[in-house]
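Below is run38.txt, holding compact mmCIF, C-alpha atoms and all ligand atoms.
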```
# COMPACT_ATOMS: atom_id res chain seq x y z
CA MET A 724 145.99 79.97 62.71
CA GLU A 725 144.41 83.40 62.45
CA LYS A 726 140.89 82.11 63.09
CA ILE A 727 142.01 80.06 66.10
CA THR A 728 144.01 82.99 67.47
CA ASN A 729 141.01 85.29 67.13
CA ASN A 730 138.68 82.75 68.75
CA ILE A 731 141.03 82.46 71.74
CA ARG A 732 141.39 86.22 71.99
CA GLN A 733 137.62 86.74 71.89
CA VAL A 734 136.92 84.22 74.64
CA LEU A 735 139.68 85.58 76.87
CA GLU A 736 138.56 89.17 76.40
CA LYS A 737 135.07 88.23 77.56
CA TYR A 738 136.70 87.38 80.88
CA HIS A 739 138.61 90.67 80.96
CA VAL A 740 141.98 89.21 80.00
CA LYS A 741 144.20 92.14 79.03
CA PHE A 742 147.31 90.50 77.62
CA LEU A 743 147.85 87.47 75.39
CA HIS A 744 151.23 86.33 74.08
CA PHE A 745 152.45 83.41 72.00
CA VAL A 746 155.96 82.53 73.10
CA ASP A 747 158.68 80.46 71.43
CA ILE A 748 160.01 77.97 73.99
CA SER A 749 161.51 75.48 71.53
CA ASP A 750 165.09 76.07 72.68
CA LEU A 751 164.40 75.29 76.35
CA PRO A 752 165.39 71.88 77.81
CA GLU A 753 163.16 69.00 76.77
CA GLU A 754 162.16 68.15 80.35
CA THR A 755 160.96 71.74 80.76
CA ILE A 756 158.87 72.03 77.61
CA GLN A 757 157.65 68.43 77.40
CA ALA A 758 157.95 68.42 73.58
CA PHE A 759 155.80 71.55 73.21
CA PRO A 760 157.50 74.29 71.14
CA THR A 761 155.06 77.08 71.99
CA ALA A 762 153.47 78.61 75.08
CA VAL A 763 150.32 80.71 75.20
CA LEU A 764 150.49 83.19 78.08
CA PHE A 765 147.65 85.45 79.16
CA GLY A 766 146.52 87.42 82.16
CA LEU A 767 145.07 90.56 83.66
CA PRO A 768 145.88 93.22 86.26
CA LEU A 769 144.42 92.95 89.74
CA PRO A 770 141.74 95.56 90.49
CA ALA A 771 143.11 98.89 91.71
CA ASP A 772 140.76 98.93 94.75
CA PHE A 773 142.03 95.55 95.84
CA ILE A 774 145.66 96.72 95.70
CA ARG A 775 144.82 99.87 97.65
CA THR A 776 143.03 97.76 100.27
CA ILE A 777 146.19 95.72 100.80
CA ASN A 778 148.36 98.84 101.02
CA ASN A 779 145.96 100.41 103.53
CA ASN A 780 145.95 97.26 105.67
CA THR A 781 142.17 97.16 105.44
CA PRO A 782 140.79 93.68 106.17
CA ILE A 783 139.67 92.07 102.90
CA ARG A 784 136.24 90.46 102.69
CA TYR A 785 137.30 88.12 99.92
CA ASN A 786 140.59 87.55 98.17
CA MET A 787 140.28 88.93 94.65
CA PHE A 788 143.68 87.46 93.77
CA ASP A 789 142.49 83.92 94.53
CA LEU A 790 139.31 84.50 92.52
CA LEU A 791 141.20 85.80 89.49
CA GLU A 792 143.83 83.06 89.75
CA GLU A 793 141.01 80.54 89.67
CA ARG A 794 139.53 82.23 86.60
CA MET A 795 142.90 82.23 84.80
CA LYS A 796 143.40 78.53 85.53
CA ARG A 797 139.97 77.56 84.24
CA LEU A 798 140.52 79.66 81.11
CA ALA A 799 143.85 77.88 80.54
CA ASP A 800 142.07 74.53 80.85
CA PHE A 801 139.46 75.77 78.36
CA VAL A 802 142.03 77.02 75.80
CA ALA A 803 143.99 73.74 76.05
CA ALA A 804 140.77 71.79 75.45
CA TYR A 805 139.90 74.03 72.50
CA LEU A 806 143.34 73.54 70.89
CA THR A 807 142.99 69.78 71.37
CA PHE A 808 139.55 69.96 69.72
CA GLU A 809 141.20 71.74 66.78
CA GLY A 810 143.62 68.83 66.37
CA TYR A 811 146.71 70.08 68.20
CA LYS A 812 148.46 68.83 71.29
CA ALA A 813 148.04 71.15 74.24
CA THR A 814 148.34 71.06 78.00
CA SER A 815 147.06 73.58 80.50
CA GLN A 816 149.53 74.92 83.05
CA SER A 817 146.81 75.25 85.69
CA ASP A 818 147.91 73.93 89.09
CA GLU A 819 145.57 70.96 88.83
CA GLU A 820 146.84 69.89 85.40
CA GLN A 821 150.46 70.36 86.44
CA LEU A 822 149.93 68.25 89.54
CA LEU A 823 148.29 65.57 87.40
CA LYS A 824 151.23 65.57 84.98
CA GLN A 825 153.76 65.93 87.80
CA THR A 826 155.24 69.11 86.32
CA TYR A 827 154.61 71.00 89.57
CA ASN A 828 156.26 70.01 92.83
CA GLU A 829 153.90 71.00 95.63
CA THR A 830 156.47 70.36 98.33
CA ILE A 831 158.93 72.94 97.07
CA PHE A 832 156.37 75.12 95.21
CA ARG A 833 158.22 74.73 91.93
CA SER A 834 156.85 74.45 88.40
CA ARG A 835 159.01 73.14 85.56
CA LEU A 836 158.10 76.16 83.45
CA PRO A 837 156.80 79.07 85.57
CA HIS A 838 154.46 81.61 83.98
CA LYS A 839 156.96 84.36 84.83
CA THR A 840 159.65 82.66 82.72
CA LEU A 841 157.21 82.86 79.83
CA ALA A 842 156.40 86.46 80.72
CA LEU A 843 160.08 87.39 80.46
CA ARG A 844 160.31 85.71 77.06
CA ALA A 845 157.15 87.51 75.97
CA GLY A 846 158.78 90.85 76.80
CA LEU A 847 156.09 91.57 79.38
CA GLY A 848 158.47 92.94 82.01
CA TRP A 849 161.27 92.02 84.40
CA ILE A 850 161.74 90.08 87.64
CA GLY A 851 161.84 92.15 90.82
CA LYS A 852 163.38 91.46 94.22
CA ASN A 853 159.95 90.10 95.22
CA ASP A 854 160.40 87.38 92.56
CA LEU A 855 157.33 88.61 90.69
CA CYS A 856 157.14 89.64 87.05
CA ASN A 857 156.94 93.41 87.06
CA THR A 858 155.07 94.26 83.88
CA ASN A 859 155.54 97.43 81.88
CA HIS A 860 151.78 98.14 81.93
CA TYR A 861 150.54 96.99 85.34
CA GLY A 862 153.51 96.67 87.68
CA CYS A 863 153.59 93.29 89.42
CA ALA A 864 149.93 93.16 90.51
CA ILE A 865 148.76 90.66 87.92
CA SER A 866 147.29 87.20 87.59
CA MET A 867 148.30 84.99 84.69
CA CYS A 868 148.29 81.42 83.42
CA SER A 869 149.59 79.54 80.38
CA ILE A 870 149.19 76.62 78.00
CA LEU A 871 151.86 74.62 76.21
CA THR A 872 151.06 73.50 72.68
CA ASP A 873 152.36 72.36 69.29
CA ALA A 874 149.89 74.62 67.45
CA PRO A 875 151.87 76.73 64.96
CA PHE A 876 151.14 80.20 66.33
CA LYS A 877 153.26 83.15 65.31
CA THR A 878 155.53 83.47 68.33
CA VAL A 879 157.92 85.91 69.98
CA LYS A 880 161.10 85.30 71.99
CA CYS A 881 162.51 88.33 73.78
CA GLU A 882 165.76 88.63 75.69
CA PRO A 883 165.05 88.85 79.45
CA ALA A 884 164.80 92.49 80.49
CA PRO A 885 167.10 93.54 83.38
CA PRO A 886 165.45 94.37 86.73
CA LYS A 887 164.67 98.01 87.49
CA CYS A 888 164.66 97.67 91.29
CA GLY A 889 167.87 99.62 91.82
CA LYS A 890 168.28 100.48 95.50
CA CYS A 891 164.57 100.02 96.29
CA THR A 892 163.87 97.55 99.11
CA ALA A 893 160.17 98.32 99.64
CA CYS A 894 159.02 94.73 99.10
CA ALA A 895 161.64 93.25 101.43
CA ASP A 896 160.89 95.92 104.06
CA VAL A 897 157.13 95.32 104.04
CA CYS A 898 157.27 91.52 104.07
CA PRO A 899 155.87 90.41 107.46
CA THR A 900 157.81 87.15 107.47
CA ALA A 901 161.17 88.34 106.11
CA ALA A 902 160.76 85.97 103.18
CA ILE A 903 162.45 88.35 100.71
CA SER A 904 166.25 88.41 100.78
CA GLY A 905 166.64 91.75 98.97
CA LYS A 906 168.85 90.26 96.29
CA CYS A 907 168.44 91.47 92.71
CA TRP A 908 167.40 88.98 90.02
CA GLN A 909 169.67 88.21 87.11
CA MET A 910 169.92 85.29 84.69
CA GLY A 911 170.99 82.17 86.57
CA VAL A 912 169.88 83.35 90.01
CA ASP A 913 167.70 80.71 91.61
CA ARG A 914 164.28 81.72 92.91
CA ASN A 915 165.26 80.59 96.41
CA GLU A 916 168.01 83.21 96.49
CA LEU A 917 165.32 85.90 96.14
CA ILE A 918 162.56 84.55 98.36
CA ASN A 919 162.02 81.77 100.85
CA PRO A 920 158.76 80.15 99.69
CA ASP A 921 158.40 78.31 103.00
CA LYS A 922 158.12 81.66 104.78
CA CYS A 923 155.70 83.26 102.31
CA ILE A 924 152.13 83.57 103.59
CA LEU A 925 150.80 85.00 100.29
CA CYS A 926 149.77 88.28 101.89
CA LEU A 927 150.50 90.10 98.58
CA LYS A 928 152.02 93.09 100.38
CA CYS A 929 155.21 92.87 98.30
CA MET A 930 153.10 93.06 95.16
CA ALA A 931 151.00 96.00 96.29
CA VAL A 932 153.79 98.10 97.81
CA CYS A 933 156.04 98.05 94.75
CA PRO A 934 156.46 101.62 93.43
CA PHE A 935 156.03 100.33 89.87
CA THR A 936 152.65 98.82 90.79
CA LYS A 937 151.63 102.04 92.55
CA ALA A 938 152.70 104.19 89.59
CA LYS A 939 150.61 102.09 87.22
CA LEU A 940 147.63 102.28 89.59
CA ARG A 941 147.69 106.06 89.34
CA ASN A 942 147.29 105.77 85.56
CA ARG A 943 144.36 103.35 85.75
S1 LIG B 1001 153.45 87.65 99.68
FE1 LIG B 1001 153.73 88.52 101.75
S2 LIG B 1001 154.85 86.95 102.89
FE2 LIG B 1001 155.04 86.44 100.71
S3 LIG B 1001 156.98 87.37 100.09
FE3 LIG B 1001 155.34 88.85 99.62
S4 LIG B 1001 155.20 90.17 101.44
FE4 LIG B 1001 156.37 88.33 102.02
S1 LIG B 1002 159.27 96.93 95.61
FE1 LIG B 1002 161.20 97.81 94.91
S2 LIG B 1002 162.69 96.15 95.20
FE2 LIG B 1002 160.67 95.22 95.29
S3 LIG B 1002 160.23 94.53 93.20
FE3 LIG B 1002 159.37 96.59 93.39
S4 LIG B 1002 160.99 97.97 92.67
FE4 LIG B 1002 161.95 95.98 93.08
```
The structure in this file should be written as structure tokens.
Ligand code: SF4
Ligand code: SF4
Amino acid sequence: MEKITNNIRQVLEKYHVKFLHFVDISDLPEETIQAFPTAVLFGLPLPADFIRTINNNTPIRYNMFDLLEERMKRLADFVAAYLTFEGYKATSQSDEEQLLKQTYNETIFRSRLPHKTLALRAGLGWIGKNDLCNTNHYGCAISMCSILTDAPFKTVKCEPAPPKCGKCTACADVCPTAAISGKCWQMGVDRNELINPDKCILCLKCMAVCPFTKAKLRNR
């Protein structure tokens, strides 16, 4: 698998992907993993200027988040196709593929296996009150996507890290639609207890305002 792993890494790095993890999901419920024992998760941080623009309330000329999300999805499609070419089963977790396979419910904005669940298992970070994965390297201003596969990669499976929000309520305070309840994540807490997806207008303010995101921006 070393050659295949390196090939994937090289392609992703050409598109500025900064993290790549192979995650053991074999113990999750069958309906969640669809017979795939492994997930490939990758992504990158959003540009610092873009985050500052959101925090400064400057009108944005184009949405860098949407552009990078699109790039991550197409890369996931590409990696899934490459693994299939190499003789393995693989499915991209891009929105389009999930809709096709009915593993994403558009009405309630719910995926059977969210990228952030994989991110927790990969040891990438923790879930904040804004229901985003707050990564140890980039805060929560990231874009990521994933692939499910039976390719025998060397995998990791980390225990979910506890949230570090403490008494902070910055994301809930800044949310223009009061979509964030202010409740702290812990194992077993449903996403809807943290945020109301029907109210979310994807303004990204809760991502940009997070002190962990801001602290990481200063180091970049
Ligand atoms: S993206 Fe905007 S509307 Fe949605 S939860 Fe975050 S701050 Fe609220
Ligand atoms: S802004 Fe504060 S409460 Fe919200 S996710 Fe970040 S640390 Fe947690």
10 Å contact set for Thr826 of chain A, only C-alpha atoms, chain neighbours under 2 positions out, as a list in words: Glu754, Thr755, Ile756, Gln757, Gln816, Asp818, Glu820, Gln821, Leu822, Leu823, Lys824, Asn828, Glu829, Arg833, Ser834, Arg835 and Leu836 of chain A
Nearby residues, ligand LIG 1001 (chain B), 6 Å, all atoms listed in the file, as an MDAnalysis selection string: chainID A and resid 898:900 902:903 923:929
Test item: residues at most 12 Å from Glu882 of chain A, only C-alpha atoms, excluding those fewer than 5 positions along its chain, as a list in words: Val746, Asp747, Thr840, Leu841, Ala842, Leu843, Arg844, Ala845, Gly846, Leu847, Gly848, Trp849 and Met910 of chain A
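Here the question is which of A:Thr761, A:Thr936, A:Thr878, A:Asn730 gets nearest to ligand LIG 1002 (chain B) using all atoms listed in the file, and that residue is A:Thr936.
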Close residues to ligand LIG 1002 (chain B) using only C-alpha atoms and all ligand atoms, limit 9 Å, as an MDAnalysis selection string: chainID A and resid 850:857 862:863 886:897 903 905:907 929:936
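One distance worth recording is that between atom CA of Phe765 of chain A and atom CA of Phe742 of chain A, which is 5.3 Å.
If only C-alpha atoms are the atoms counted, then among A:Asp921, A:Glu725, A:Asp873, A:Glu792 the closest residue to Thr807 of chain A is A:Asp873.
The interatomic distance for the pair atom CA of Ser815 of chain A and atom CA of Ile870 of chain A works out to 4.5 Å.
Rounded to one decimal, atom CA of Ala799 of chain A and atom CA of Pro885 of chain A lie 28.2 Å from each other.
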Shell around Tyr811 of chain A at 12 Å using all atoms listed in the file, local window under 2 positions removed, as a VMD selection string: chain A and resid 724 727 759 to 761 802 to 809 813 to 814 871 to 876
